[in-house]
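model_9.cif, holding mmCIF, N, CA and C atoms:
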```
data_final
#
loop_
_atom_site.label_atom_id
_atom_site.label_comp_id
_atom_site.auth_asym_id
_atom_site.auth_seq_id
_atom_site.Cartn_x
_atom_site.Cartn_y
_atom_site.Cartn_z
N MET A 7 0.85 -1.17 0.00
CA MET A 7 0.00 0.00 0.00
C MET A 7 0.89 1.24 0.00
N ARG A 8 0.52 2.21 -0.79
CA ARG A 8 1.34 3.40 -0.98
C ARG A 8 1.04 4.48 0.04
N ASN A 9 2.09 5.11 0.50
CA ASN A 9 1.95 6.34 1.28
C ASN A 9 2.03 7.48 0.29
N LEU A 10 0.94 8.19 0.09
CA LEU A 10 0.89 9.26 -0.89
C LEU A 10 0.88 10.62 -0.23
N SER A 11 1.18 11.62 -1.01
CA SER A 11 1.09 12.98 -0.50
C SER A 11 -0.38 13.29 -0.19
N LYS A 12 -0.59 14.29 0.61
CA LYS A 12 -1.96 14.67 1.00
C LYS A 12 -2.80 15.02 -0.23
N GLN A 13 -2.19 15.69 -1.20
CA GLN A 13 -2.90 16.09 -2.41
C GLN A 13 -3.34 14.87 -3.23
N ASN A 14 -2.46 13.88 -3.37
CA ASN A 14 -2.81 12.69 -4.14
C ASN A 14 -3.85 11.82 -3.42
N ARG A 15 -3.75 11.76 -2.08
CA ARG A 15 -4.79 11.04 -1.32
C ARG A 15 -6.13 11.70 -1.50
N LYS A 16 -6.14 13.03 -1.48
CA LYS A 16 -7.39 13.77 -1.66
C LYS A 16 -8.01 13.46 -3.02
N LYS A 17 -7.19 13.35 -4.06
CA LYS A 17 -7.71 13.01 -5.39
C LYS A 17 -8.41 11.65 -5.38
N ILE A 18 -7.78 10.68 -4.73
CA ILE A 18 -8.39 9.34 -4.66
C ILE A 18 -9.68 9.39 -3.85
N PHE A 19 -9.67 10.05 -2.70
CA PHE A 19 -10.86 10.11 -1.86
C PHE A 19 -11.98 10.88 -2.55
N ASP A 20 -11.66 11.94 -3.27
CA ASP A 20 -12.67 12.69 -4.02
C ASP A 20 -13.28 11.84 -5.13
N LEU A 21 -12.44 11.05 -5.80
CA LEU A 21 -12.93 10.14 -6.83
C LEU A 21 -13.91 9.13 -6.23
N ILE A 22 -13.58 8.59 -5.08
CA ILE A 22 -14.44 7.61 -4.43
C ILE A 22 -15.76 8.26 -4.02
N LYS A 23 -15.70 9.46 -3.44
CA LYS A 23 -16.93 10.16 -3.04
C LYS A 23 -17.83 10.43 -4.25
N ARG A 24 -17.21 10.80 -5.38
CA ARG A 24 -17.97 11.18 -6.58
C ARG A 24 -18.54 9.96 -7.32
N ASP A 25 -17.73 8.91 -7.46
CA ASP A 25 -18.10 7.78 -8.32
C ASP A 25 -18.61 6.56 -7.56
N CYS A 26 -18.81 6.69 -6.26
CA CYS A 26 -19.30 5.56 -5.47
C CYS A 26 -20.48 5.99 -4.60
N THR A 27 -21.28 5.00 -4.22
CA THR A 27 -22.44 5.23 -3.38
C THR A 27 -22.16 4.64 -2.00
N PHE A 28 -22.38 5.44 -0.96
CA PHE A 28 -22.19 4.98 0.42
C PHE A 28 -23.22 3.92 0.75
N VAL A 29 -22.75 2.80 1.33
CA VAL A 29 -23.64 1.69 1.67
C VAL A 29 -23.87 1.60 3.17
N GLY A 30 -22.81 1.71 3.95
CA GLY A 30 -22.94 1.59 5.39
C GLY A 30 -21.59 1.70 6.07
N SER A 31 -21.61 1.60 7.41
CA SER A 31 -20.36 1.69 8.16
C SER A 31 -20.46 0.86 9.43
N TYR A 32 -19.31 0.57 9.97
CA TYR A 32 -19.25 -0.10 11.27
C TYR A 32 -17.97 0.34 11.98
N ASP A 33 -18.00 0.27 13.31
CA ASP A 33 -16.85 0.66 14.12
C ASP A 33 -15.99 -0.56 14.40
N LEU A 34 -14.67 -0.36 14.38
CA LEU A 34 -13.74 -1.43 14.74
C LEU A 34 -13.63 -1.49 16.26
N GLU A 35 -13.69 -2.70 16.80
CA GLU A 35 -13.60 -2.86 18.24
C GLU A 35 -12.21 -2.46 18.73
N HIS A 36 -12.15 -1.89 19.92
CA HIS A 36 -10.89 -1.52 20.57
C HIS A 36 -10.05 -0.60 19.69
N SER A 37 -10.70 0.25 18.94
CA SER A 37 -9.99 1.15 18.04
C SER A 37 -10.77 2.45 17.91
N GLU A 38 -10.09 3.48 17.44
CA GLU A 38 -10.74 4.76 17.20
C GLU A 38 -11.17 4.88 15.74
N GLU A 39 -11.22 3.75 15.02
CA GLU A 39 -11.49 3.79 13.59
C GLU A 39 -12.82 3.17 13.22
N SER A 40 -13.40 3.69 12.15
CA SER A 40 -14.61 3.15 11.56
C SER A 40 -14.30 2.74 10.13
N VAL A 41 -15.09 1.81 9.62
CA VAL A 41 -14.96 1.38 8.23
C VAL A 41 -16.21 1.80 7.48
N LEU A 42 -16.03 2.59 6.41
CA LEU A 42 -17.12 3.04 5.56
C LEU A 42 -17.09 2.22 4.28
N THR A 43 -18.22 1.68 3.88
CA THR A 43 -18.29 0.84 2.69
C THR A 43 -18.99 1.58 1.56
N TYR A 44 -18.39 1.54 0.38
CA TYR A 44 -18.93 2.20 -0.81
C TYR A 44 -19.00 1.18 -1.95
N LEU A 45 -20.04 1.31 -2.79
CA LEU A 45 -20.14 0.53 -4.01
C LEU A 45 -20.02 1.48 -5.20
N PRO A 46 -19.23 1.09 -6.20
CA PRO A 46 -19.06 1.96 -7.37
C PRO A 46 -20.35 2.12 -8.16
N LYS A 47 -20.57 3.31 -8.68
CA LYS A 47 -21.75 3.57 -9.51
C LYS A 47 -21.54 2.96 -10.89
N PRO A 48 -22.57 2.29 -11.44
CA PRO A 48 -22.44 1.70 -12.78
C PRO A 48 -22.10 2.76 -13.82
N GLY A 49 -21.28 2.35 -14.78
CA GLY A 49 -20.91 3.25 -15.86
C GLY A 49 -19.65 4.05 -15.60
N THR A 50 -19.08 3.94 -14.41
CA THR A 50 -17.85 4.67 -14.09
C THR A 50 -16.65 3.74 -14.26
N GLN A 51 -15.48 4.33 -14.40
CA GLN A 51 -14.26 3.52 -14.56
C GLN A 51 -13.99 2.69 -13.31
N ILE A 52 -14.23 3.26 -12.15
CA ILE A 52 -13.99 2.51 -10.91
C ILE A 52 -14.93 1.30 -10.83
N HIS A 53 -16.13 1.39 -11.40
CA HIS A 53 -17.06 0.26 -11.43
C HIS A 53 -16.51 -0.88 -12.27
N LYS A 54 -15.80 -0.53 -13.33
CA LYS A 54 -15.19 -1.56 -14.18
C LYS A 54 -14.03 -2.25 -13.47
N ASP A 55 -13.37 -1.52 -12.58
CA ASP A 55 -12.16 -2.03 -11.94
C ASP A 55 -12.38 -2.73 -10.61
N VAL A 56 -13.32 -2.25 -9.79
CA VAL A 56 -13.46 -2.80 -8.43
C VAL A 56 -14.92 -3.11 -8.10
N GLU A 57 -15.09 -4.04 -7.15
CA GLU A 57 -16.43 -4.42 -6.71
C GLU A 57 -16.88 -3.63 -5.50
N GLU A 58 -15.93 -3.30 -4.62
CA GLU A 58 -16.29 -2.62 -3.37
C GLU A 58 -15.09 -1.80 -2.90
N VAL A 59 -15.37 -0.69 -2.26
CA VAL A 59 -14.33 0.17 -1.69
C VAL A 59 -14.63 0.34 -0.21
N ARG A 60 -13.60 0.15 0.61
CA ARG A 60 -13.73 0.38 2.05
C ARG A 60 -12.75 1.48 2.45
N ILE A 61 -13.26 2.42 3.23
CA ILE A 61 -12.45 3.53 3.72
C ILE A 61 -12.33 3.38 5.23
N ILE A 62 -11.11 3.44 5.72
CA ILE A 62 -10.86 3.44 7.16
C ILE A 62 -10.82 4.90 7.59
N LYS A 63 -11.62 5.25 8.58
CA LYS A 63 -11.74 6.64 9.01
C LYS A 63 -11.50 6.72 10.52
N ASN A 64 -10.73 7.71 10.94
CA ASN A 64 -10.50 7.95 12.35
C ASN A 64 -11.71 8.69 12.92
N ARG A 65 -12.36 8.11 13.93
CA ARG A 65 -13.57 8.72 14.49
C ARG A 65 -13.28 10.01 15.24
N LYS A 66 -12.12 10.11 15.88
CA LYS A 66 -11.81 11.31 16.65
C LYS A 66 -11.55 12.52 15.75
N THR A 67 -10.71 12.33 14.73
CA THR A 67 -10.33 13.45 13.87
C THR A 67 -11.25 13.61 12.67
N GLY A 68 -11.93 12.53 12.28
CA GLY A 68 -12.79 12.57 11.10
C GLY A 68 -12.02 12.40 9.80
N ASN A 69 -10.70 12.18 9.89
CA ASN A 69 -9.88 12.03 8.69
C ASN A 69 -9.95 10.62 8.13
N TRP A 70 -9.92 10.55 6.80
CA TRP A 70 -9.81 9.26 6.14
C TRP A 70 -8.36 8.80 6.25
N VAL A 71 -8.16 7.57 6.71
CA VAL A 71 -6.81 7.06 6.97
C VAL A 71 -6.32 6.20 5.82
N GLU A 72 -7.23 5.39 5.26
CA GLU A 72 -6.79 4.39 4.28
C GLU A 72 -7.96 4.00 3.38
N SER A 73 -7.65 3.68 2.13
CA SER A 73 -8.67 3.13 1.25
C SER A 73 -8.25 1.73 0.82
N VAL A 74 -9.20 0.81 0.78
CA VAL A 74 -8.95 -0.58 0.41
C VAL A 74 -10.01 -0.98 -0.61
N VAL A 75 -9.60 -1.67 -1.69
CA VAL A 75 -10.55 -2.06 -2.73
C VAL A 75 -10.55 -3.57 -2.93
N ASP A 76 -11.70 -4.08 -3.36
CA ASP A 76 -11.82 -5.46 -3.83
C ASP A 76 -11.84 -5.41 -5.34
N VAL A 77 -10.81 -5.95 -5.96
CA VAL A 77 -10.66 -5.89 -7.41
C VAL A 77 -11.71 -6.78 -8.08
N ARG A 78 -12.28 -6.27 -9.16
CA ARG A 78 -13.23 -7.04 -9.97
C ARG A 78 -12.41 -7.89 -10.95
N TRP A 79 -12.36 -9.20 -10.68
CA TRP A 79 -11.55 -10.10 -11.50
C TRP A 79 -12.31 -10.48 -12.76
N TYR A 80 -11.61 -10.62 -13.85
CA TYR A 80 -12.19 -11.09 -15.10
C TYR A 80 -11.29 -12.15 -15.70
N TYR A 81 -11.83 -12.91 -16.62
CA TYR A 81 -11.11 -14.03 -17.23
C TYR A 81 -9.83 -13.52 -17.90
N GLY A 82 -8.72 -14.16 -17.62
CA GLY A 82 -7.45 -13.80 -18.23
C GLY A 82 -6.67 -12.74 -17.49
N MET A 83 -7.21 -12.25 -16.40
CA MET A 83 -6.54 -11.21 -15.63
C MET A 83 -5.36 -11.81 -14.88
N THR A 84 -4.25 -11.09 -14.83
CA THR A 84 -3.08 -11.56 -14.10
C THR A 84 -2.98 -10.84 -12.76
N CYS A 85 -2.13 -11.34 -11.89
CA CYS A 85 -1.91 -10.69 -10.60
C CYS A 85 -1.33 -9.29 -10.81
N ALA A 86 -0.52 -9.13 -11.83
CA ALA A 86 0.05 -7.81 -12.12
C ALA A 86 -1.05 -6.82 -12.50
N ASP A 87 -2.06 -7.29 -13.26
CA ASP A 87 -3.19 -6.42 -13.61
C ASP A 87 -3.93 -5.99 -12.35
N ALA A 88 -4.17 -6.94 -11.46
CA ALA A 88 -4.88 -6.64 -10.22
C ALA A 88 -4.09 -5.66 -9.35
N GLU A 89 -2.79 -5.84 -9.33
CA GLU A 89 -1.94 -4.95 -8.54
C GLU A 89 -1.97 -3.52 -9.08
N MET A 90 -2.01 -3.38 -10.39
CA MET A 90 -2.10 -2.04 -10.99
C MET A 90 -3.40 -1.35 -10.60
N ILE A 91 -4.50 -2.11 -10.57
CA ILE A 91 -5.79 -1.55 -10.17
C ILE A 91 -5.75 -1.14 -8.70
N GLU A 92 -5.18 -2.00 -7.85
CA GLU A 92 -5.07 -1.67 -6.44
C GLU A 92 -4.25 -0.38 -6.24
N ARG A 93 -3.17 -0.25 -6.95
CA ARG A 93 -2.32 0.94 -6.82
C ARG A 93 -3.05 2.20 -7.28
N LYS A 94 -4.01 2.03 -8.16
CA LYS A 94 -4.76 3.16 -8.69
C LYS A 94 -5.72 3.74 -7.64
N TYR A 95 -6.30 2.88 -6.80
CA TYR A 95 -7.37 3.31 -5.88
C TYR A 95 -7.02 3.18 -4.40
N GLN A 96 -6.02 2.40 -4.05
CA GLN A 96 -5.70 2.22 -2.63
C GLN A 96 -4.62 3.21 -2.21
N CYS A 97 -4.77 3.71 -1.01
CA CYS A 97 -3.74 4.57 -0.44
C CYS A 97 -3.84 4.53 1.08
N LYS A 98 -2.80 5.02 1.70
CA LYS A 98 -2.74 5.03 3.15
C LYS A 98 -2.14 6.34 3.61
N SER A 99 -2.69 6.90 4.64
CA SER A 99 -2.15 8.13 5.21
C SER A 99 -0.82 7.83 5.86
N ASN A 100 0.11 8.75 5.74
CA ASN A 100 1.42 8.53 6.36
C ASN A 100 1.48 9.06 7.79
N LYS A 101 0.35 9.34 8.37
CA LYS A 101 0.31 9.84 9.76
C LYS A 101 0.21 8.70 10.72
#
```
Let me see the file written as structure tokens.
Amino acid sequence: MRNLSKQNRKKIFDLIKRDCTFVGSYDLEHSEESVLTYLPKPGTQIHKDVEEVRIIKNRKTGNWVESVVDVRWYYGMTCADAEMIERKYQCKSNK
């Protein structure tokens, strides 16, 4: 998972907010973090690439800490292809 600059993380998070629909959230036990689940909107590039996006959010600060995606696998796809998709949408705060 990549540690990106604040500006590049914001681009990814803005893309997720724009091209995905919020489904629900749950709190992690013994942690200050929540997990927000998003599903990509049909017809978007992210919908072609991933099935689900999860955002880890710090409840105290309200900041998004990390994004995690479930890659949409298709016939003939290689692990390298999946890794490229993950690198496109996944990021982690360096804080």
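Considering the residues A:Val59, A:Ala86, A:Ile18, A:Leu34 and counting only N, CA and C atoms, A:Pro46 has its shortest atom-to-atom contact with A:Val59.
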Could you check how far atom CA of A:Tyr44 sits from atom CA of A:Tyr80, in Å to one decimal? 20.6 Å
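Across A:Trp70, A:Lys63, A:Tyr81, A:Glu89, the tightest approach to A:Asp20 is made by A:Trp70 when counting only C-alpha atoms.
If you measure from each of A:Ser99, A:Thr50, A:Asn64, A:Thr43 to A:Thr27 using only N, CA and C atoms, the closest one turns out to be A:Thr43.
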Run DSSP on the backbone and grab whatever in chain A lands in helix (DSSP H, G or I); send it over as a ChimeraX atom specification. /A:12-25,51-55,85-95
Minimum-distance residue to A:Val71, chosen among A:Lys23, A:Phe28, A:Met83, A:Cys97 (using all atoms listed in the file): A:Cys97
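With all atoms listed in the file as the atoms that count, the minimum distance from A:Arg60 to the choices A:Cys26, A:Leu21, A:Val41, A:Val77 is reached by A:Val41.
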Interatomic distance between atom C of A:Gln96 and atom C of A:Lys66? 21.4 Å
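The nearest approach to A:Arg65 among the residues A:Ser31, A:Ile22, A:Gln13, A:Glu38, with only C-alpha atoms taken into account, belongs to A:Glu38.
Going from atom N of A:Asp55 to atom C of A:Glu39 covers 26.2 Å.
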At a cut-off of 6.5 Å from (-21.1, -4.3, -1.7) in the coordinates of the file, what residues are picked up using all atoms listed in the file, written as a VMD selection string? chain A and resid 44 to 45 57 to 58
Output as an MDAnalysis selection string all residues of chain A that backbone DSSP marks as strand (DSSP E). chainID A and resid 26:33 39:46 56:64 70:77 97:98
Please produce stretch 20-31 of chain A, completed to all heavy atoms, as a CSV table (one decimal), keeping the file's coordinate frame.
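Output contents, as saved in out.csv:
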```csv
chain,number,residue,atom,x,y,z
A,20,ASP,N,-11.7,11.9,-3.3
A,20,ASP,CA,-12.7,12.7,-4.0
A,20,ASP,C,-13.3,11.8,-5.1
A,20,ASP,O,-14.5,11.9,-5.4
A,20,ASP,CB,-12.1,14.0,-4.6
A,20,ASP,CG,-11.8,15.0,-3.6
A,20,ASP,OD1,-12.3,14.9,-2.4
A,20,ASP,OD2,-11.1,16.0,-3.9
A,21,LEU,N,-12.4,11.0,-5.8
A,21,LEU,CA,-12.9,10.1,-6.8
A,21,LEU,C,-13.9,9.1,-6.2
A,21,LEU,O,-15.0,8.9,-6.8
A,21,LEU,CB,-11.8,9.4,-7.5
A,21,LEU,CG,-12.2,8.3,-8.4
A,21,LEU,CD1,-12.4,8.9,-9.8
A,21,LEU,CD2,-11.1,7.2,-8.5
A,22,ILE,N,-13.6,8.6,-5.1
A,22,ILE,CA,-14.4,7.6,-4.4
A,22,ILE,C,-15.8,8.3,-4.0
A,22,ILE,O,-16.8,7.7,-4.2
A,22,ILE,CB,-13.7,7.0,-3.2
A,22,ILE,CG1,-12.6,6.1,-3.7
A,22,ILE,CG2,-14.7,6.2,-2.4
A,22,ILE,CD1,-11.6,5.6,-2.6
A,23,LYS,N,-15.7,9.5,-3.4
A,23,LYS,CA,-16.9,10.2,-3.0
A,23,LYS,C,-17.8,10.4,-4.2
A,23,LYS,O,-19.0,10.3,-4.2
A,23,LYS,CB,-16.6,11.5,-2.4
A,23,LYS,CG,-16.2,11.4,-0.9
A,23,LYS,CD,-15.9,12.8,-0.4
A,23,LYS,CE,-15.9,12.8,1.1
A,23,LYS,NZ,-15.6,14.2,1.6
A,24,ARG,N,-17.2,10.8,-5.4
A,24,ARG,CA,-18.0,11.2,-6.6
A,24,ARG,C,-18.5,10.0,-7.3
A,24,ARG,O,-19.7,10.0,-7.7
A,24,ARG,CB,-17.1,12.0,-7.5
A,24,ARG,CG,-17.8,12.5,-8.8
A,24,ARG,CD,-16.8,13.1,-9.7
A,24,ARG,NE,-16.0,12.1,-10.4
A,24,ARG,CZ,-14.7,12.1,-10.5
A,24,ARG,NH1,-14.0,13.2,-10.2
A,24,ARG,NH2,-14.0,11.2,-11.1
A,25,ASP,N,-17.7,8.9,-7.5
A,25,ASP,CA,-18.1,7.8,-8.3
A,25,ASP,C,-18.6,6.6,-7.6
A,25,ASP,O,-18.8,5.5,-8.2
A,25,ASP,CB,-16.9,7.4,-9.2
A,25,ASP,CG,-16.6,8.4,-10.2
A,25,ASP,OD1,-17.4,9.3,-10.4
A,25,ASP,OD2,-15.5,8.3,-10.9
A,26,CYS,N,-18.8,6.7,-6.3
A,26,CYS,CA,-19.3,5.6,-5.5
A,26,CYS,C,-20.5,6.0,-4.6
A,26,CYS,O,-20.6,7.2,-4.3
A,26,CYS,CB,-18.2,5.0,-4.6
A,26,CYS,SG,-16.8,4.3,-5.5
A,27,THR,N,-21.3,5.0,-4.2
A,27,THR,CA,-22.4,5.2,-3.4
A,27,THR,C,-22.2,4.6,-2.0
A,27,THR,O,-21.7,3.5,-1.9
A,27,THR,CB,-23.7,4.5,-4.0
A,27,THR,OG1,-23.9,5.0,-5.3
A,27,THR,CG2,-24.9,4.8,-3.2
A,28,PHE,N,-22.4,5.4,-1.0
A,28,PHE,CA,-22.2,5.0,0.4
A,28,PHE,C,-23.2,3.9,0.8
A,28,PHE,O,-24.4,4.1,0.5
A,28,PHE,CB,-22.3,6.2,1.4
A,28,PHE,CG,-22.2,5.8,2.8
A,28,PHE,CD1,-21.0,5.5,3.4
A,28,PHE,CD2,-23.3,5.8,3.6
A,28,PHE,CE1,-20.8,5.1,4.7
A,28,PHE,CE2,-23.2,5.4,5.0
A,28,PHE,CZ,-22.0,5.1,5.5
A,29,VAL,N,-22.8,2.8,1.3
A,29,VAL,CA,-23.6,1.7,1.7
A,29,VAL,C,-23.9,1.6,3.2
A,29,VAL,O,-25.0,1.4,3.6
A,29,VAL,CB,-23.1,0.4,1.1
A,29,VAL,CG1,-24.0,-0.8,1.5
A,29,VAL,CG2,-22.9,0.4,-0.3
A,30,GLY,N,-22.8,1.7,4.0
A,30,GLY,CA,-22.9,1.6,5.4
A,30,GLY,C,-21.6,1.7,6.1
A,30,GLY,O,-20.6,1.9,5.4
A,31,SER,N,-21.6,1.6,7.4
A,31,SER,CA,-20.4,1.7,8.2
A,31,SER,C,-20.5,0.9,9.4
A,31,SER,O,-21.5,0.5,9.9
A,31,SER,CB,-20.0,3.2,8.5
A,31,SER,OG,-21.0,3.6,9.4
```
